[in-house]
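Data block below; observations after.
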Amino acid sequence: MFVSERLRREIATYLRTIPKRANEAPLFATQKRAAFSANTACQNLNTIYDQAGIAGASSHSGRRTFITALATKGVGPRILAALAGHRNLNSVMPYIDASDDQKRAAVELIG
């Protein structure tokens with residue numbers, strides 16, 4: 001798995017704040033010290049978004065933001081698909097949003 005250097009530092013900081021854990025233990029554990037199920041992780045993210053007042057966000061919002069930000073910076077579709085865990089390029093396309101500013105900049109390339 002690829003993780004940015006910034007995120008790697010943040011995780012290291014987090015690990016210094018929690019009790020020592022075994023290497024195979026989940027990074028974020030439930031009260032029962034087990035890993036979160038996919039469903040529980042989605043529910044927790046939705047709760048966090050609601051508490052933060054972010055309307056319409058879902059468990060895929062972070063994924064969409066990540067892929068869109070990389071696409072905006074010129075990362076190619078094959079890399080985007082690989083990072084999103086998709087083999088088919090068409091599967092990653094719904095995650096790429098286009099803002100009015102991006103569309104405006106694109107037509108200005110014609111000059």
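FYI, nothing fancy with the structure tokens labels: chains A, B, ... in order, residues from 1 per chain, ligands from 1 as they appear.
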Filtered DSSP result for chain A, state alpha helix (DSSP H), as an NGL selection string | :A and (5-17 or 38-51 or 61-72 or 77-84 or 89-92 or 100-108)
Please, which residues in segment 4-80 of chain A fall within 8 Å of segment 85-98 of chain A when counting only C-alpha atoms, and what is the closest atom pair and distance in Å to one decimal for each, ordered by chain then residue number, as CSV?
residue,atom,partner,partner_atom,distance
A:Arg63,CA,A:Tyr95,CA,7.3
A:Arg64,CA,A:Tyr95,CA,4.7
A:Thr65,CA,A:Tyr95,CA,7.9
A:Ile67,CA,A:Ile96,CA,6.1
A:Thr68,CA,A:Ile96,CA,4.7
A:Ala71,CA,A:Ile96,CA,7.1
A:Pro77,CA,A:Leu89,CA,6.7
A:Arg78,CA,A:Leu89,CA,6.6
A:Leu80,CA,A:Val92,CA,7.1
Non-local contacts of Ile48 of chain A (12 Å; only C-alpha atoms; under 6 positions in same chain excluded) as a PyMOL selection string | chain A and resi 41-42+54-55+57-59
For those residues, write N, CA and C atoms to a file as a PDB file, in the first residue's frame.
ATOM      1  N   ALA A  41     -17.057   0.764   9.981  1.00  0.00           N
ATOM      2  CA  ALA A  41     -16.221   1.897   9.561  1.00  0.00           C
ATOM      3  C   ALA A  41     -17.065   2.918   8.787  1.00  0.00           C
ATOM      4  N   CYS A  42     -17.925   2.452   7.892  1.00  0.00           N
ATOM      5  CA  CYS A  42     -18.814   3.349   7.138  1.00  0.00           C
ATOM      6  C   CYS A  42     -19.752   4.108   8.070  1.00  0.00           C
ATOM      7  N   ILE A  54     -21.141  18.203   7.853  1.00  0.00           N
ATOM      8  CA  ILE A  54     -20.875  18.014   6.424  1.00  0.00           C
ATOM      9  C   ILE A  54     -22.036  17.224   5.833  1.00  0.00           C
ATOM     10  N   ALA A  55     -22.925  17.933   5.167  1.00  0.00           N
ATOM     11  CA  ALA A  55     -24.127  17.303   4.615  1.00  0.00           C
ATOM     12  C   ALA A  55     -23.795  16.559   3.323  1.00  0.00           C
ATOM     13  N   ALA A  57     -22.167  13.841   2.768  1.00  0.00           N
ATOM     14  CA  ALA A  57     -20.929  13.071   2.686  1.00  0.00           C
ATOM     15  C   ALA A  57     -21.216  11.600   2.973  1.00  0.00           C
ATOM     16  N   SER A  58     -20.380  10.737   2.409  1.00  0.00           N
ATOM     17  CA  SER A  58     -20.524   9.301   2.641  1.00  0.00           C
ATOM     18  C   SER A  58     -19.145   8.706   2.869  1.00  0.00           C
ATOM     19  N   SER A  59     -19.106   7.415   3.073  1.00  0.00           N
ATOM     20  CA  SER A  59     -17.836   6.740   3.288  1.00  0.00           C
ATOM     21  C   SER A  59     -16.925   6.833   2.057  1.00  0.00           C
TER      22      SER A  59
END
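Our summary of the geometry notes that atom CA of Thr40 of chain A is positioned 17.4 Å from atom CA of Ala25 of chain A.
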Who sits within 9 Å of segment 1-13 of chain A, only C-alpha atoms, same chain under 4 positions skipped, as a list in words = Thr17, Leu27 and Leu83 of chain A
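Of the listed residues A:Lys103, A:Arg16, A:Arg21, A:Arg33, the one whose atoms come nearest to Thr72 of chain A is A:Lys103, with distances taken using only C-alpha atoms.
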What does the distance from atom CA of Asn39 of chain A to atom CA of Ala52 of chain A come to in Å, to one decimal?
->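 Computed distance, atom CA of Asn39 of chain A to atom CA of Ala52 of chain A, equals 20.1 Å.
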So what do you get for atom CA of Gly53 of chain A versus atom CA of Ala84 of chain A, distance-wise?
->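 About the pair atom CA of Gly53 of chain A and atom CA of Ala84 of chain A: they are 26.4 Å apart.
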